[in-house]
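See structure below.
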Amino acid sequence: MLELELRNLVEEVQKRHAESQTIELKAAHEGCPTRLYDTLSSFSNQDDGGILLFGIDESRSFEVVGVYDVQDLMKHVGEQCSQMHPKVRAVFTDCSIAGKHVVSAEIPAQDVADRPCFYEGRGRYKGSYVRVGDADEPMTEYEIYSYEAFRRKYEDELRVVERAEIEDLDRDSLLRYELALKEGRPHLAGLSEAKILDLMSVVREGKPTLAGVILFSLYPQAFFPQLGIISTRIPGVRAGDVGTHAERFIDNTRLEGTLGDQVSEAVAFVRKNIRVATKISESTGERTDMPQYPIEAVRELILNALIHRDYSIHTQGMPIQLQIFDDRLTVTNPGGLYGRLSVDQLGKLQPDTRNPVIANAMEILGLTENRYSGIPTVRRLAAEYGLPEPIFENARGEFRATLRLKTGEKTTAVDPSDMTITMKRKRVPKNERRIALLEFCRISRTRQEIVDFLGLSNSPTYAMRAYVRPLIADGRLRLAIPDKPQSKNQTYQTV
């Protein structure tokens with residue numbers, strides 16, 4: 001930096017009275033600090049690097065105390081830089097403020113493929129640090145592993161699941177996958193099923209891979225109990241808040257099954273736990289549902305978490321977290337951004353893919369486009385809904401995406417018991433009853449539940465003829481057993 005820039009930096013630090021994510025202060029008026037390794041490591045391991053600022057004493061209210069000797073300080077700092085792996089190449093600048101010398105050492109970020117940068121005297125696992133606020137903290141074993149996994153291109157999704165057998169994979173799912181795979185790929189059409197599954201890394205050495213299990217197993221959680229989604233509706237704006245009856249969760253569900261199953265169940269959970277406004281067109285009379293959050297954006301976030309999470313042994317005990325608060329919806333997955341991609345580049349650059357086999361299979365199965373359009377889609381839909389810009393955070397081994405409501409708006413899931421009371425006590429127009437019924441049937445309902453909800457327990461035949469059948473005819477309600485519409489086990493759910 002230029003001398004003027006250094007003076008301005010000193011002035012800014014004194015005004016703030018604080019260090020920061022990229023600024024570390026050292027007095028150095030009595031000699032060169034001897035333990036710079038932690039900060040050299042943490043600055044080198046973050047994308048923005050950092051600056052060591054010598055000659056300012058934090059304990060004296062950020063007074064400029066100067067350095068003992070400019071040349072000797074640079075020499076000894078340089079020696080400590082040379083004891084790092086990879087070597088740190090500091091860029092020095094000095095200036096005089098009120099007759100006292102201040103020195104800055106700019107520490108550049110190491111390339112992701114060269115991280116973690118660590119002090120050779122303590123080794124990779126004890127000498128690697130990460131910057132957290134204005135402090136240097138030891139890297140966790142997982143954080144170190146994450147860099148090694150990228151550098152060495154570990155394929156955690158392809159590790160063989162020793163406990164699993166090919167018979168544990170669902171035959172119908174595999175057949176649909178093979179048919180979709182062969183379409184438009186004549187070179188694959190003539191290959192045997194066994195060869196195709198091996199080529200596509202669903203099976204290796206006669207055993208299913210992790211990717212094969214979580215995509216096609218009859219019950220993946222038999223092998224990986226925590227590879228699911230913990231979904232919670234929290235009555236407040238922070239974890240730990242409680243509702244009016246001291247309940248910690250309005251809804252709390254563990255979503256399991258294959259990746260495709262988890263996507264569907266997560267979307268259904270969100271629909272169930274947010275308010276859905278209904279607009280009727282004055283010109284056409286058509287009904288339009290407007291959920292508080294764009295459901296397509298929610299689906300993209302869930303897909304992103306399932307496809308790009310870390311499936312290594314370090315995180316296989318960590319489920320994805322889907323949380324709905326009064327003012328926001330968050331999706332958090334184990335494993336930060338992979339490779340060289342930064343949060344600022346999300347949706348703008350093609351990223352390195354942590355799990356290419358899973359991503360490709362999800363595309364073939366028609367669950368995702370796999371065109372790196374997910375984040376731009378989320379941003380576009382949030383803007384169309386008039387919601388604030390989505391927040392994406394990447395920190396200490398996890399990635400979190402947040403959709404926020406407008407200021408002052410709250411998530412208010414419809415309470416079916418409240419609607420039932422309204423139906424029983426008031427004369428509600430038929431159209432409004434149908435709209436309320438569709439909301440009630442976001443989760444599957446029996447005939448008796450619907451009749452009770454409508455407040456027509458004494459007229460079940462009328463309830464079905466006037467409300468349920470028209471919605472089925474319009475394609476807005478579906479039957480669980482369509483070939484036996486009068487079955488006593490029949491249930492109804494909103495499409």
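In the structure tokens, each chain is lettered A, B, ... as it comes, each chain's residues begin at 1, and ligands are numbered from 1 in order of appearance.
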Shell of 9 Å around Gln490 of chain A, only C-alpha atoms, local chain residues under 2 positions omitted, as a list in words: Arg445, Thr446, Arg447, Leu479, Ala480, Ile481, Pro482, Lys484, Pro485, Gln486, Ser487, Lys488 and Tyr492 of chain A
Print the selection's residues with C-alpha atoms to a file, as a compact mmCIF listing (two decimals), in the first residue's frame.
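And here's out_33.txt as it stands now:
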# COMPACT_ATOMS: atom_id res chain seq x y z
CA ARG A 445 -56.69 -35.93 5.30
CA THR A 446 -59.35 -38.61 5.73
CA ARG A 447 -63.00 -38.17 4.75
CA LEU A 479 -56.91 -39.17 -4.11
CA ALA A 480 -54.37 -41.40 -2.41
CA ILE A 481 -56.16 -44.43 -3.92
CA PRO A 482 -57.47 -43.10 -7.26
CA LYS A 484 -60.90 -46.98 -5.50
CA PRO A 485 -62.51 -43.58 -4.84
CA GLN A 486 -64.98 -45.02 -2.26
CA SER A 487 -62.35 -46.92 -0.26
CA LYS A 488 -62.69 -46.57 3.50
CA TYR A 492 -57.27 -36.46 0.12
All residues 8 Å or closer to segment 261-270 of chain A, only C-alpha atoms, same chain fewer than 2 positions away omitted, as JSON, numbers by chain: {"A": [228, 229, 231, 255, 256, 257, 258, 259, 272, 273, 274, 295, 298, 299, 302, 303, 322, 324, 442, 443]}
Residue set, segment 189-269 of chain A restricted to helix (DSSP H, G or I), as an MDAnalysis selection string: chainID A and resid 189 193:199 210:216 220:222 259:269
Output of the above residues as a PDB file, in the first residue's frame, restricted to C-alpha atoms:
ATOM      1  CA  ALA A 189     -28.033 -48.462 -24.836  1.00  0.00           C
ATOM      2  CA  GLU A 193     -27.189 -53.097 -16.398  1.00  0.00           C
ATOM      3  CA  ALA A 194     -24.204 -54.132 -14.291  1.00  0.00           C
ATOM      4  CA  LYS A 195     -21.803 -52.272 -16.577  1.00  0.00           C
ATOM      5  CA  ILE A 196     -23.946 -49.124 -16.584  1.00  0.00           C
ATOM      6  CA  LEU A 197     -24.242 -49.051 -12.788  1.00  0.00           C
ATOM      7  CA  ASP A 198     -20.477 -49.458 -12.505  1.00  0.00           C
ATOM      8  CA  LEU A 199     -19.727 -46.764 -15.095  1.00  0.00           C
ATOM      9  CA  LEU A 210     -22.675 -43.886  -0.936  1.00  0.00           C
ATOM     10  CA  ALA A 211     -24.151 -42.066  -3.948  1.00  0.00           C
ATOM     11  CA  GLY A 212     -25.962 -45.246  -4.989  1.00  0.00           C
ATOM     12  CA  VAL A 213     -27.395 -45.744  -1.509  1.00  0.00           C
ATOM     13  CA  ILE A 214     -28.734 -42.220  -0.967  1.00  0.00           C
ATOM     14  CA  LEU A 215     -30.153 -42.063  -4.492  1.00  0.00           C
ATOM     15  CA  PHE A 216     -31.663 -45.524  -4.882  1.00  0.00           C
ATOM     16  CA  PRO A 220     -30.782 -44.995   2.996  1.00  0.00           C
ATOM     17  CA  GLN A 221     -30.967 -44.113   6.705  1.00  0.00           C
ATOM     18  CA  ALA A 222     -30.445 -47.783   7.591  1.00  0.00           C
ATOM     19  CA  LEU A 259     -32.635 -37.469  -1.949  1.00  0.00           C
ATOM     20  CA  GLY A 260     -35.724 -37.193  -4.133  1.00  0.00           C
ATOM     21  CA  ASP A 261     -37.960 -38.131  -1.205  1.00  0.00           C
ATOM     22  CA  GLN A 262     -36.317 -35.539   1.018  1.00  0.00           C
ATOM     23  CA  VAL A 263     -36.866 -32.761  -1.530  1.00  0.00           C
ATOM     24  CA  SER A 264     -40.588 -33.520  -1.755  1.00  0.00           C
ATOM     25  CA  GLU A 265     -41.031 -33.853   2.006  1.00  0.00           C
ATOM     26  CA  ALA A 266     -39.113 -30.651   2.731  1.00  0.00           C
ATOM     27  CA  VAL A 267     -41.273 -28.648   0.320  1.00  0.00           C
ATOM     28  CA  ALA A 268     -44.404 -30.145   1.895  1.00  0.00           C
ATOM     29  CA  PHE A 269     -43.125 -29.209   5.367  1.00  0.00           C
TER      30      PHE A 269
END
Who sits within 7 Å of segment 157-167 of chain A, only C-alpha atoms, same chain under 5 positions skipped, as a list of chain:residue names: A:Ser201, A:Arg204, A:Lys207, A:Pro208, A:Thr209, A:Leu210, A:Ala211, A:Tyr311, A:Asn355
Contact residues around Leu36 of chain A with only C-alpha atoms at 9 Å, ignoring same-chain residues under 3 positions, as a list in words: Pro33, Thr39, Leu40, Ser41, Val77, Gln80 and Cys81 of chain A
Save out the residues we just selected, N, CA and C atoms, as a short mmCIF file (atom, residue, chain, number, x, y, z; two decimals), in the first residue's frame.
data_model
loop_
_atom_site.label_atom_id
_atom_site.label_comp_id
_atom_site.auth_asym_id
_atom_site.auth_seq_id
_atom_site.Cartn_x
_atom_site.Cartn_y
_atom_site.Cartn_z
N PRO A 33 7.61 -8.79 17.88
CA PRO A 33 6.83 -9.89 18.47
C PRO A 33 7.35 -11.23 17.96
N THR A 39 -1.29 -15.66 13.51
CA THR A 39 -1.92 -14.66 12.65
C THR A 39 -1.48 -14.81 11.20
N LEU A 40 -0.21 -15.14 10.98
CA LEU A 40 0.25 -15.39 9.61
C LEU A 40 -0.54 -16.53 8.97
N SER A 41 -0.82 -17.55 9.76
CA SER A 41 -1.61 -18.69 9.26
C SER A 41 -3.05 -18.27 8.97
N VAL A 77 10.23 -10.24 11.00
CA VAL A 77 8.91 -10.68 10.52
C VAL A 77 9.09 -11.57 9.29
N GLN A 80 9.99 -15.08 10.26
CA GLN A 80 8.85 -15.88 10.72
C GLN A 80 7.98 -16.30 9.53
N CYS A 81 7.88 -15.43 8.54
CA CYS A 81 7.11 -15.77 7.33
C CYS A 81 7.72 -16.97 6.61
#
All strand (DSSP E) positions in segment 97-145 of chain A, as a PyMOL selection string: chain A and resi 97+100-107+118-119+129-132+135-138
Point-to-point distance in Å for atom CA of Gly49 of chain A and atom CA of Lys100 of chain A: 26.3 Å
Who sits within 8 Å of Asp94 of chain A, only C-alpha atoms, same chain under 3 positions skipped, as an NGL selection string: :A and (3 or 6 or 70 or 101-104)
Who sits within 12 Å of segment 86-88 of chain A, only C-alpha atoms, same chain under 2 positions skipped, as a VMD selection string: chain A and resid 36 to 37 39 to 45 49 to 50 77 to 84 90 to 91 105 to 120 123 to 124 128
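Taking atom CA of Phe440 of chain A as the reference point, atom CA of Leu381 of chain A is found at 25.7 Å.
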